[in-house]
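What's in final_19.cif: mmCIF, C-alpha atoms (C1' of nucleotides)
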data_structure
loop_
_atom_site.label_atom_id
_atom_site.label_comp_id
_atom_site.auth_asym_id
_atom_site.auth_seq_id
_atom_site.Cartn_x
_atom_site.Cartn_y
_atom_site.Cartn_z
CA MET Z 134 299.64 192.99 253.23
CA ALA Z 135 299.43 196.66 252.31
CA ASP Z 136 303.00 197.08 251.20
CA GLY Z 137 304.26 196.87 247.67
CA LYS Z 138 300.93 196.51 245.97
CA ASP Z 139 300.74 200.16 245.06
CA ARG Z 140 303.32 199.67 242.34
CA LEU Z 141 301.27 197.02 240.61
CA SER Z 142 298.32 197.57 238.38
CA PRO Z 143 294.88 196.57 239.61
CA THR Z 144 295.49 193.26 237.92
CA ASP Z 145 297.75 191.92 240.62
CA ALA Z 146 299.00 188.52 241.60
CA GLY Z 147 295.79 187.25 243.13
CA SER Z 148 293.79 187.91 240.01
CA CYS Z 149 295.67 185.70 237.55
CA ASN Z 150 293.59 182.73 236.56
CA GLY Z 151 296.62 180.74 235.50
CA THR Z 152 298.42 181.30 238.76
CA ALA Z 153 295.34 180.40 240.78
CA LEU Z 154 294.98 177.20 238.80
CA ARG Z 155 298.63 176.27 239.15
CA LYS Z 156 298.63 176.80 242.91
CA ALA Z 157 295.51 174.72 243.42
CA THR Z 158 296.85 172.01 241.15
CA ARG Z 159 300.13 171.83 243.05
CA ARG Z 160 298.28 171.56 246.34
CA VAL Z 161 295.91 168.86 245.17
CA SER Z 162 298.69 166.94 243.46
CA GLN Z 163 300.65 166.98 246.69
CA LEU Z 164 297.67 165.74 248.69
CA TYR Z 165 296.70 163.01 246.24
CA ASP Z 166 300.28 161.93 245.59
CA ALA Z 167 300.91 161.51 249.29
CA VAL Z 168 297.93 159.17 249.54
CA LEU Z 169 298.87 157.30 246.36
CA ALA Z 170 302.52 156.89 247.36
CA PRO Z 171 302.19 153.32 248.74
CA CYS Z 172 301.30 151.98 245.30
CA GLY Z 173 304.21 153.71 243.59
CA LEU Z 174 302.07 155.61 241.10
CA ARG Z 175 301.79 159.38 240.98
CA SER Z 176 298.50 161.01 240.18
CA THR Z 177 299.84 162.02 236.78
CA GLN Z 178 300.80 158.46 235.99
CA ARG Z 179 297.54 157.06 237.29
CA SER Z 180 295.68 159.55 235.19
CA ILE Z 181 297.50 158.35 232.09
CA LEU Z 182 296.80 154.69 232.87
CA ILE Z 183 293.12 155.46 233.48
CA HIS Z 184 292.80 157.22 230.17
CA ILE Z 185 294.46 154.32 228.36
CA ALA Z 186 292.12 151.86 230.07
CA ARG Z 187 289.11 153.90 229.07
CA ALA Z 188 290.17 154.35 225.48
CA GLY Z 189 291.33 150.77 224.94
CA ALA Z 190 294.46 151.25 222.84
CA PRO Z 191 294.61 154.89 221.83
CA SER Z 192 297.20 156.39 219.55
CA MET Z 193 299.66 158.83 221.03
CA GLY Z 194 297.81 161.74 219.50
CA GLU Z 195 294.40 160.66 220.74
CA LEU Z 196 295.75 160.12 224.21
CA ALA Z 197 297.54 163.46 224.24
CA LEU Z 198 294.35 165.16 223.13
CA ALA Z 199 292.30 163.47 225.85
CA LEU Z 200 294.86 164.42 228.48
CA VAL Z 201 295.23 168.01 227.21
CA LEU Z 202 298.90 167.18 227.06
CA ASP Z 203 301.55 167.93 224.50
CA ARG Z 204 302.41 164.90 222.36
CA SER Z 205 306.07 164.96 223.23
CA ALA Z 206 305.26 165.43 226.91
CA LEU Z 207 303.08 162.35 226.72
CA ALA Z 208 305.87 160.41 225.07
CA HIS Z 209 308.21 161.38 227.88
CA ASN Z 210 305.65 160.54 230.56
CA LEU Z 211 305.08 157.12 229.07
CA LYS Z 212 308.72 156.14 229.32
CA PRO Z 213 308.76 155.33 233.04
CA LEU Z 214 305.47 153.46 232.64
CA GLU Z 215 306.84 151.47 229.74
CA ARG Z 216 310.09 150.79 231.56
CA ASP Z 217 308.16 149.48 234.55
CA GLY Z 218 306.07 147.23 232.32
CA PHE Z 219 302.71 148.91 232.83
CA VAL Z 220 302.15 149.85 229.20
CA VAL Z 221 303.30 148.68 225.81
CA ILE Z 222 303.57 150.84 222.70
CA ALA Z 223 303.30 149.25 219.29
CA ALA Z 224 302.92 150.55 215.78
CA ASP Z 225 299.40 150.56 214.42
CA PRO Z 226 299.36 147.98 211.58
CA ASN Z 227 296.67 149.99 209.78
CA ASP Z 228 298.66 153.22 209.85
CA ARG Z 229 302.30 152.75 210.55
CA ARG Z 230 302.72 156.41 211.35
CA SER Z 231 300.69 155.85 214.50
CA ARG Z 232 301.79 154.05 217.61
CA ARG Z 233 299.16 152.70 219.95
CA VAL Z 234 299.47 152.45 223.71
CA ALA Z 235 297.92 149.63 225.70
CA LEU Z 236 297.94 148.47 229.30
CA THR Z 237 299.76 145.28 230.17
CA ALA Z 238 298.35 142.81 232.70
CA SER Z 239 300.80 144.34 235.14
CA GLY Z 240 299.48 147.78 234.33
CA GLU Z 241 295.89 146.72 234.91
CA ALA Z 242 296.90 145.13 238.19
CA LYS Z 243 298.69 148.29 239.28
CA LEU Z 244 295.66 150.35 238.36
CA GLU Z 245 293.48 148.04 240.40
CA GLU Z 246 295.92 148.28 243.30
CA SER Z 247 295.82 152.06 243.17
CA LEU Z 248 292.04 152.19 243.21
CA ALA Z 249 291.55 151.87 246.96
CA LEU Z 250 294.14 154.54 247.64
CA TRP Z 251 292.66 156.88 245.06
CA ASP Z 252 289.16 156.32 246.45
CA ASP Z 253 290.46 157.37 249.83
CA ALA Z 254 292.09 160.54 248.49
CA GLN Z 255 289.00 161.39 246.50
CA ARG Z 256 286.72 160.77 249.47
CA ARG Z 257 288.85 163.01 251.65
CA PHE Z 258 288.81 165.76 249.07
CA GLU Z 259 285.04 165.56 248.74
CA THR Z 260 284.62 165.59 252.49
CA ALA Z 261 286.82 168.65 252.92
CA PHE Z 262 285.46 170.50 249.93
CA GLY Z 263 281.89 169.31 249.55
CA PRO Z 264 280.72 166.72 247.01
CA ASP Z 265 278.34 169.00 245.17
CA ARG Z 266 280.86 171.77 244.98
CA ALA Z 267 283.45 169.31 243.73
CA ARG Z 268 281.14 168.14 240.97
CA ASP Z 269 280.51 171.72 239.90
CA LEU Z 270 284.20 172.48 240.00
CA ARG Z 271 285.06 169.49 237.83
CA ALA Z 272 282.46 170.55 235.30
CA THR Z 273 283.88 174.06 235.22
CA LEU Z 274 287.43 172.77 234.87
CA ALA Z 275 286.37 170.40 232.09
CA LEU Z 276 284.89 173.33 230.25
CA ILE Z 277 288.12 175.29 230.55
CA ALA Z 278 290.15 172.29 229.44
CA SER Z 279 287.96 171.69 226.39
CA SER Z 280 289.12 172.57 222.92
CA ASP Z 281 285.97 174.66 222.54
CA PHE Z 282 287.23 176.92 225.26
CA ALA Z 283 290.59 177.26 223.55
CA LEU Z 284 288.74 178.27 220.40
CA ALA Z 285 286.65 180.81 222.29
CA PHE Z 286 289.84 182.22 223.81
CA GLU Z 287 291.49 182.52 220.42
CA ALA Z 288 288.37 184.10 218.97
CA THR Z 289 288.70 186.99 221.42
CA GLY Z 290 292.05 187.90 219.93
CA ALA Z 291 292.65 190.55 217.31
CA ALA Z 292 291.52 189.93 213.75
CA ASP Z 293 295.01 188.73 212.87
CA VAL Z 294 294.10 185.20 213.83
CA ALA Z 295 290.93 185.09 211.71
CA PRO Z 296 291.69 182.91 208.72
CA ARG Z 297 290.46 183.91 205.31
CA MET A 270 281.95 156.60 224.45
CA ALA A 271 280.30 153.47 225.73
CA ASP A 272 283.25 151.15 225.36
CA GLY A 273 285.70 150.23 228.04
CA LYS A 274 284.05 152.04 230.89
CA ASP A 275 282.33 148.91 232.17
CA ARG A 276 285.60 147.64 233.56
CA LEU A 277 286.13 150.68 235.70
CA SER A 278 284.51 151.48 238.99
CA PRO A 279 282.01 154.33 239.16
CA THR A 280 284.94 156.53 240.08
CA ASP A 281 286.23 156.86 236.56
CA ALA A 282 288.59 159.22 234.83
CA GLY A 283 286.26 162.16 234.59
CA SER A 284 285.63 162.29 238.31
CA CYS A 285 289.19 162.82 239.55
CA ASN A 286 289.59 166.31 240.94
CA GLY A 287 293.34 166.23 240.47
CA THR A 288 293.10 165.21 236.85
CA ALA A 289 290.46 167.86 236.12
CA LEU A 290 292.68 170.48 237.69
CA ARG A 291 295.76 169.39 235.81
CA LYS A 292 294.00 169.38 232.45
CA ALA A 293 292.56 172.85 232.97
CA THR A 294 295.92 174.13 234.18
CA ARG A 295 297.71 172.77 231.13
CA ARG A 296 295.16 174.37 228.84
CA VAL A 297 295.29 177.76 230.52
CA SER A 298 299.08 177.68 230.75
CA GLN A 299 299.25 177.00 227.02
CA LEU A 300 296.87 179.86 226.23
CA TYR A 301 298.56 182.38 228.51
CA ASP A 302 302.07 181.29 227.56
CA ALA A 303 301.30 181.74 223.88
CA VAL A 304 300.20 185.32 224.56
CA LEU A 305 303.16 186.00 226.85
CA ALA A 306 305.72 184.52 224.44
CA PRO A 307 306.82 187.83 222.87
CA CYS A 308 308.22 189.03 226.19
CA GLY A 309 310.15 185.83 226.84
CA LEU A 310 308.54 185.11 230.18
CA ARG A 311 306.36 182.08 230.85
CA SER A 312 303.37 182.36 233.10
CA THR A 313 305.19 180.41 235.79
CA GLN A 314 308.11 182.80 235.68
CA ARG A 315 305.88 185.85 235.60
CA SER A 316 304.02 184.50 238.57
CA ILE A 317 307.25 184.18 240.52
CA LEU A 318 308.35 187.70 239.64
CA ILE A 319 304.94 189.10 240.62
CA HIS A 320 305.09 187.40 243.99
CA ILE A 321 308.58 188.73 244.62
CA ALA A 322 307.48 192.25 243.68
CA ARG A 323 304.52 192.02 246.03
CA ALA A 324 306.52 190.67 248.94
CA GLY A 325 309.51 192.97 248.52
CA ALA A 326 312.42 190.66 249.29
CA PRO A 327 311.01 187.41 250.61
CA SER A 328 313.06 184.48 251.83
CA MET A 329 313.01 181.31 249.79
CA GLY A 330 310.69 179.69 252.30
CA GLU A 331 308.23 182.56 252.38
CA LEU A 332 308.12 182.70 248.61
CA ALA A 333 307.68 178.95 248.28
CA LEU A 334 304.83 179.07 250.75
CA ALA A 335 303.11 181.90 248.89
CA LEU A 336 303.47 180.05 245.60
CA VAL A 337 302.34 176.70 247.05
CA LEU A 338 305.60 175.45 245.63
CA ASP A 339 308.19 173.09 247.00
CA ARG A 340 311.26 174.92 248.28
CA SER A 341 313.64 173.04 246.04
CA ALA A 342 311.34 173.52 243.06
CA LEU A 343 311.42 177.24 243.72
CA ALA A 344 315.21 177.20 243.91
CA HIS A 345 315.32 175.46 240.55
CA ASN A 346 312.78 177.84 239.00
CA LEU A 347 314.77 180.84 240.14
CA LYS A 348 317.92 179.74 238.35
CA PRO A 349 316.90 180.83 234.85
CA LEU A 350 315.58 184.10 236.27
CA GLU A 351 318.83 184.70 238.12
CA ARG A 352 320.89 183.73 235.10
CA ASP A 353 318.94 186.23 232.97
CA GLY A 354 319.47 188.96 235.55
CA PHE A 355 315.86 189.41 236.63
CA VAL A 356 316.39 188.50 240.27
CA VAL A 357 319.21 188.47 242.75
CA ILE A 358 319.53 186.16 245.71
CA ALA A 359 321.54 187.24 248.71
CA ALA A 360 322.00 185.90 252.21
CA ASP A 361 319.91 187.57 254.86
CA PRO A 362 322.39 189.44 257.11
CA ASN A 363 320.10 188.91 260.09
CA ASP A 364 319.86 185.16 259.63
CA ARG A 365 322.51 183.71 257.42
CA ARG A 366 320.52 180.53 257.03
CA SER A 367 318.02 182.45 254.92
CA ARG A 368 318.52 183.81 251.44
CA ARG A 369 316.32 186.62 250.22
CA VAL A 370 315.18 187.10 246.65
CA ALA A 371 314.73 190.53 245.10
CA LEU A 372 313.93 191.91 241.67
CA THR A 373 316.64 193.72 239.76
CA ALA A 374 315.88 196.81 237.70
CA SER A 375 315.93 194.52 234.71
CA GLY A 376 313.43 192.24 236.41
CA GLU A 377 311.09 195.12 237.15
CA ALA A 378 311.38 196.30 233.57
CA LYS A 379 310.61 192.83 232.27
CA LEU A 380 307.61 192.59 234.55
CA GLU A 381 306.40 195.93 233.26
CA GLU A 382 306.95 194.78 229.70
CA SER A 383 304.92 191.63 230.31
CA LEU A 384 302.02 193.54 231.80
CA ALA A 385 300.33 194.53 228.53
CA LEU A 386 300.59 190.98 227.21
CA TRP A 387 299.26 189.51 230.42
CA ASP A 388 296.39 192.01 230.48
CA ASP A 389 295.47 190.84 227.02
CA ALA A 390 295.54 187.16 227.98
CA GLN A 391 293.55 187.84 231.12
CA ARG A 392 291.00 189.94 229.26
CA ARG A 393 290.55 187.20 226.68
CA PHE A 394 290.08 184.60 229.38
CA GLU A 395 287.50 186.73 231.15
CA THR A 396 285.67 187.38 227.91
CA ALA A 397 285.54 183.70 227.01
CA PHE A 398 284.72 182.50 230.50
CA GLY A 399 282.83 185.35 232.12
CA PRO A 400 284.33 187.84 234.57
CA ASP A 401 282.05 186.97 237.48
CA ARG A 402 282.55 183.28 236.97
CA ALA A 403 286.30 183.82 236.78
CA ARG A 404 286.29 185.70 240.06
CA ASP A 405 284.33 182.91 241.73
CA LEU A 406 286.64 180.31 240.27
CA ARG A 407 289.74 182.11 241.55
CA ALA A 408 288.23 182.32 245.01
CA THR A 409 287.45 178.60 244.95
CA LEU A 410 290.95 177.74 243.72
CA ALA A 411 292.50 179.96 246.37
CA LEU A 412 290.56 178.05 248.98
CA ILE A 413 291.82 174.73 247.67
CA ALA A 414 295.38 176.04 247.51
CA SER A 415 295.26 177.34 251.09
CA SER A 416 297.04 175.56 253.90
CA ASP A 417 293.72 175.44 255.73
CA PHE A 418 292.38 173.20 253.03
CA ALA A 419 295.40 170.93 253.31
CA LEU A 420 294.73 170.68 257.03
CA ALA A 421 291.07 169.89 256.41
CA PHE A 422 292.09 167.20 253.95
CA GLU A 423 294.52 165.66 256.41
CA ALA A 424 291.91 165.82 259.15
CA THR A 425 289.65 163.51 257.17
CA GLY A 426 292.27 160.79 257.30
CA ALA A 427 292.38 158.00 259.82
CA ALA A 428 293.25 158.78 263.44
CA ASP A 429 296.88 157.90 262.76
CA VAL A 430 297.59 161.47 261.81
CA ALA A 431 296.11 162.98 264.97
CA PRO A 432 299.01 164.48 266.92
CA ARG A 433 299.29 164.08 270.66
"C1'" DC N 66 301.87 156.50 188.91
"C1'" DG N 67 304.83 159.71 191.02
"C1'" DT N 68 305.33 163.77 193.67
"C1'" DA N 69 303.62 167.25 196.94
"C1'" DA N 70 300.99 168.27 201.03
"C1'" DT N 71 299.49 166.33 205.31
"C1'" DT N 72 299.84 163.85 209.40
"C1'" DA N 73 302.09 161.04 213.43
"C1'" DA N 74 305.64 160.55 216.10
"C1'" DG N 75 310.38 161.19 218.15
"C1'" DG N 76 314.83 163.76 219.53
"C1'" DG N 77 316.99 167.72 221.53
"C1'" DC N 78 316.68 171.27 224.59
"C1'" DA N 79 314.83 173.97 228.33
"C1'" DT N 80 311.92 174.81 232.19
"C1'" DA N 81 308.86 172.94 236.07
"C1'" DT N 82 308.08 170.13 240.11
"C1'" DG N 83 309.03 167.23 244.06
"C1'" DC N 84 311.49 163.99 247.38
"C1'" DC N 85 315.42 162.94 250.00
"C1'" DA N 86 319.97 163.58 251.70
"C1'" DA N 87 323.60 166.73 252.84
"C1'" DT N 88 325.32 171.19 254.39
"C1'" DG N 89 325.55 175.18 256.90
"C1'" DT N 90 323.23 178.40 260.75
"C1'" DT N 91 321.09 179.59 264.70
"C1'" DG N 92 319.56 179.21 269.33
"C1'" DC N 93 319.20 176.91 273.51
"C1'" DA N 94 320.44 174.01 277.23
"C1'" DA N 95 323.52 171.51 280.22
"C1'" DT X 103 331.15 177.00 276.33
"C1'" DT X 104 330.11 173.18 274.03
"C1'" DG X 105 327.01 170.21 272.07
"C1'" DC X 106 322.62 169.29 270.11
"C1'" DA X 107 318.03 170.17 268.21
"C1'" DA X 108 315.65 172.94 264.97
"C1'" DC X 109 315.75 175.44 260.79
"C1'" DA X 110 316.81 177.24 255.75
"C1'" DT X 111 318.65 176.14 251.77
"C1'" DT X 112 321.06 173.51 248.22
"C1'" DG X 113 322.32 169.38 245.35
"C1'" DG X 114 321.19 165.02 243.23
"C1'" DC X 115 317.91 162.40 241.05
"C1'" DA X 116 313.56 161.50 238.84
"C1'" DT X 117 309.37 162.77 236.66
"C1'" DA X 118 306.48 166.41 234.16
"C1'" DT X 119 305.67 169.67 230.48
"C1'" DG X 120 306.26 172.13 226.15
"C1'" DC X 121 308.50 174.00 221.75
"C1'" DC X 122 310.90 173.32 217.55
"C1'" DC X 123 312.69 170.58 214.04
"C1'" DT X 124 313.31 166.30 211.80
"C1'" DT X 125 311.87 161.85 210.10
"C1'" DA X 126 308.69 158.59 208.51
"C1'" DA X 127 304.35 157.19 206.59
"C1'" DT X 128 300.00 158.25 204.42
"C1'" DT X 129 296.98 160.71 201.47
"C1'" DA X 130 295.81 163.74 197.70
"C1'" DC X 131 296.53 165.55 193.33
"C1'" DG X 132 298.19 166.16 188.79
#
Could I get this file's structure written as structure tokens?
Amino acid sequence: MADGKDRLSPTDAGSCNGTALRKATRRVSQLYDAVLAPCGLRSTQRSILIHIARAGAPSMGELALALVLDRSALAHNLKPLERDGFVVIAADPNDRRSRRVALTASGEAKLEESLALWDDAQRRFETAFGPDRARDLRATLALIASSDFALAFEATGAADVAPR
Amino acid sequence: MADGKDRLSPTDAGSCNGTALRKATRRVSQLYDAVLAPCGLRSTQRSILIHIARAGAPSMGELALALVLDRSALAHNLKPLERDGFVVIAADPNDRRSRRVALTASGEAKLEESLALWDDAQRRFETAFGPDRARDLRATLALIASSDFALAFEATGAADVAPR
DNA sequence: CGTAATTAAGGGCATATGCCAATGTTGCAA
DNA sequence: TTGCAACATTGGCATATGCCCTTAATTACG
């Protein structure tokens, strides 16, 4: 592991926060998805259903914000769920610009079905990683995912982003 | 934030390690990608180029392993980079089953060009998050991404996975 | 009251990611 | 030597993710 690195600046591959996050996410997605497979939901899909259940009937924008997901990406991700009858999307009568997403009975049932599998995956992660450590990690990740963090990141930029 | 949660088990949305990871990854990817945009590389692509530079001329399998990335996903990700002339893929003369990936001069130049932008993004992340904390986080994420962790996760499963 | 600015969402396009099946290579054993 | 098991990669299909631009609906302002 001593070859090649001399050409790179001290800020090499192992030091990129984004890369470290992406690798860990891929690994954990693989592990969780393998456990979730019998119910037919992926962790991404389950995550979306959970957020809808928690929020009741959020608008696309609210849901995208909660998921730290681009609006159009959310729209794409909802298509398989809508096709399979797990969610319905209907215009908000109070503001016809908005469309609200809700779980169907089938969607709630699927979420329920996935719960035991998810509990198993989560338990295995906590066992392998440590429950306390996992809690700390989630808190740290939530901080990074927050809009406050994005603001703090932007604030470190040059003055060209400072409005007025 | 008190509505809706009563229907869910104590293991609710905020406690899923996979979801927390994905949200943080999306956020950081967005922040880094916005900074990297002027050079035309995304953080995923830069990450691939960096790994190739570090490894010299790795085979697809070696590179996929290092990136914690599915082999076919890597093959797909390399296509735009090959099309744009940043990498070349050639059969390994010693084992014609393998194909080895290498940077072109153009790829090295592009990597060099991206360095200043990446340094800026990284510096801003460290400023907003804390350099020591960032180092700890990367170490934790590297642990999770490691194959050892995958083995530990599998080992917590039922006895049905125990070989022999 | 009508028009401009704002906001919500979708469509088009491109990259990212993964599973499974198919293809081609190598090495070993009978 | 021939045939088969193991291995590396690709191709097809599906989902995931994001940007830009357009469209539609609401709100604000003159």
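Applied to the file shown here, the PyMOL selection byres ((chain X) within 8 of (chain Z)) selects X:DT117, X:DA118, X:DT119, X:DG120, X:DA126, X:DA127, X:DT128.
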- request: Translate the PyMOL selection byres ((chain Z) within 6 of (chain A)), as applied to the file shown, into an explicit residue set as a ChimeraX atom specification.
  value: /Z:137-138,151,153-154,156-158,160-161,187,201,257,261,271,274,277-278,285-286,289
What does the file look like for those residues with C-alpha atoms, as a PDB file, in the frame of the given file?
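Contents of selection.pdb, freshly written:
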ATOM      1  CA  GLY Z 137     304.260 196.870 247.670  1.00  0.00           C
ATOM      2  CA  LYS Z 138     300.930 196.510 245.970  1.00  0.00           C
ATOM      3  CA  GLY Z 151     296.620 180.740 235.500  1.00  0.00           C
ATOM      4  CA  ALA Z 153     295.340 180.400 240.780  1.00  0.00           C
ATOM      5  CA  LEU Z 154     294.980 177.200 238.800  1.00  0.00           C
ATOM      6  CA  LYS Z 156     298.630 176.800 242.910  1.00  0.00           C
ATOM      7  CA  ALA Z 157     295.510 174.720 243.420  1.00  0.00           C
ATOM      8  CA  THR Z 158     296.850 172.010 241.150  1.00  0.00           C
ATOM      9  CA  ARG Z 160     298.280 171.560 246.340  1.00  0.00           C
ATOM     10  CA  VAL Z 161     295.910 168.860 245.170  1.00  0.00           C
ATOM     11  CA  ARG Z 187     289.110 153.900 229.070  1.00  0.00           C
ATOM     12  CA  VAL Z 201     295.230 168.010 227.210  1.00  0.00           C
ATOM     13  CA  ARG Z 257     288.850 163.010 251.650  1.00  0.00           C
ATOM     14  CA  ALA Z 261     286.820 168.650 252.920  1.00  0.00           C
ATOM     15  CA  ARG Z 271     285.060 169.490 237.830  1.00  0.00           C
ATOM     16  CA  LEU Z 274     287.430 172.770 234.870  1.00  0.00           C
ATOM     17  CA  ILE Z 277     288.120 175.290 230.550  1.00  0.00           C
ATOM     18  CA  ALA Z 278     290.150 172.290 229.440  1.00  0.00           C
ATOM     19  CA  ALA Z 285     286.650 180.810 222.290  1.00  0.00           C
ATOM     20  CA  PHE Z 286     289.840 182.220 223.810  1.00  0.00           C
ATOM     21  CA  THR Z 289     288.700 186.990 221.420  1.00  0.00           C
TER      22      THR Z 289
END
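Coordinates place C1' of DA94 in chain N at a distance of 22.0 Å from C1' of DA110 in chain X.
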Name every residue that the PyMOL selection byres ((chain X and resi 114) around 9) selects in this structure, writing the answer as an mmCIF file with C-alpha atoms (C1' of nucleotides), in the frame of the given file with chains first and numbers rising.
data_model
loop_
_atom_site.group_PDB
_atom_site.id
_atom_site.type_symbol
_atom_site.label_atom_id
_atom_site.label_comp_id
_atom_site.auth_asym_id
_atom_site.auth_seq_id
_atom_site.Cartn_x
_atom_site.Cartn_y
_atom_site.Cartn_z
ATOM 1 C "C1'" DA N 86 319.970 163.580 251.700
ATOM 2 C "C1'" DG X 113 322.320 169.380 245.350
ATOM 3 C "C1'" DC X 115 317.910 162.400 241.050
#
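CA of Thr237 in chain Z to C1' of DA116 in chain X spans 23.0 Å [interatomic distance, one decimal].
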message: Only residues of chain N matter here; which ones have an atom within 10 Å of chain Z, counting all atoms listed in the file? Give them as a PyMOL selection string.
response: chain N and resi 72-76+82-83
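Reported to one decimal place, the separation of CA of Leu332 in chain A from CA of Gly376 in chain A is 16.4 Å.
At a cut-off of 12 Å from (303.4, 167.9, 201.7), the residue set is N:DT68, N:DA69, N:DA70, N:DT71, N:DT72, X:DA127, X:DT128, X:DT129, X:DA130, X:DC131 (counting all atoms listed in the file).
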Store the residues picked out above, limited to C-alpha atoms (C1' of nucleotides), as a short mmCIF file (atom, residue, chain, number, x, y, z; two decimals), in the coordinates of the input.
data_model
loop_
_atom_site.label_atom_id
_atom_site.label_comp_id
_atom_site.auth_asym_id
_atom_site.auth_seq_id
_atom_site.Cartn_x
_atom_site.Cartn_y
_atom_site.Cartn_z
"C1'" DT N 68 305.33 163.77 193.67
"C1'" DA N 69 303.62 167.25 196.94
"C1'" DA N 70 300.99 168.27 201.03
"C1'" DT N 71 299.49 166.33 205.31
"C1'" DT N 72 299.84 163.85 209.40
"C1'" DA X 127 304.35 157.19 206.59
"C1'" DT X 128 300.00 158.25 204.42
"C1'" DT X 129 296.98 160.71 201.47
"C1'" DA X 130 295.81 163.74 197.70
"C1'" DC X 131 296.53 165.55 193.33
#
Fix up range 371-382 of chain A with N, CA and C atoms, then write it as a CSV table (one decimal), in the coordinates of the input.
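Heads up, here's the output in out_10.csv:
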chain,number,residue,atom,x,y,z
A,371,ALA,N,315.2,189.2,245.4
A,371,ALA,CA,314.7,190.5,245.1
A,371,ALA,C,314.8,190.7,243.6
A,372,LEU,N,313.9,191.6,243.1
A,372,LEU,CA,313.9,191.9,241.7
A,372,LEU,C,315.1,192.9,241.4
A,373,THR,N,315.7,192.7,240.2
A,373,THR,CA,316.6,193.7,239.8
A,373,THR,C,315.9,194.8,239.0
A,374,ALA,N,316.5,195.8,238.6
A,374,ALA,CA,315.9,196.8,237.7
A,374,ALA,C,315.4,196.1,236.4
A,375,SER,N,316.3,195.3,235.9
A,375,SER,CA,315.9,194.5,234.7
A,375,SER,C,314.7,193.7,234.9
A,376,GLY,N,314.6,193.1,236.1
A,376,GLY,CA,313.4,192.2,236.4
A,376,GLY,C,312.2,193.1,236.5
A,377,GLU,N,312.3,194.2,237.1
A,377,GLU,CA,311.1,195.1,237.2
A,377,GLU,C,310.7,195.6,235.8
A,378,ALA,N,311.7,195.9,234.9
A,378,ALA,CA,311.4,196.3,233.6
A,378,ALA,C,310.7,195.2,232.8
A,379,LYS,N,311.2,194.0,233.0
A,379,LYS,CA,310.6,192.8,232.3
A,379,LYS,C,309.2,192.6,232.7
A,380,LEU,N,309.0,192.8,234.0
A,380,LEU,CA,307.6,192.6,234.6
A,380,LEU,C,306.7,193.6,233.9
A,381,GLU,N,307.2,194.8,233.9
A,381,GLU,CA,306.4,195.9,233.3
A,381,GLU,C,306.1,195.6,231.8
A,382,GLU,N,307.1,195.1,231.1
A,382,GLU,CA,307.0,194.8,229.7
A,382,GLU,C,305.9,193.7,229.5
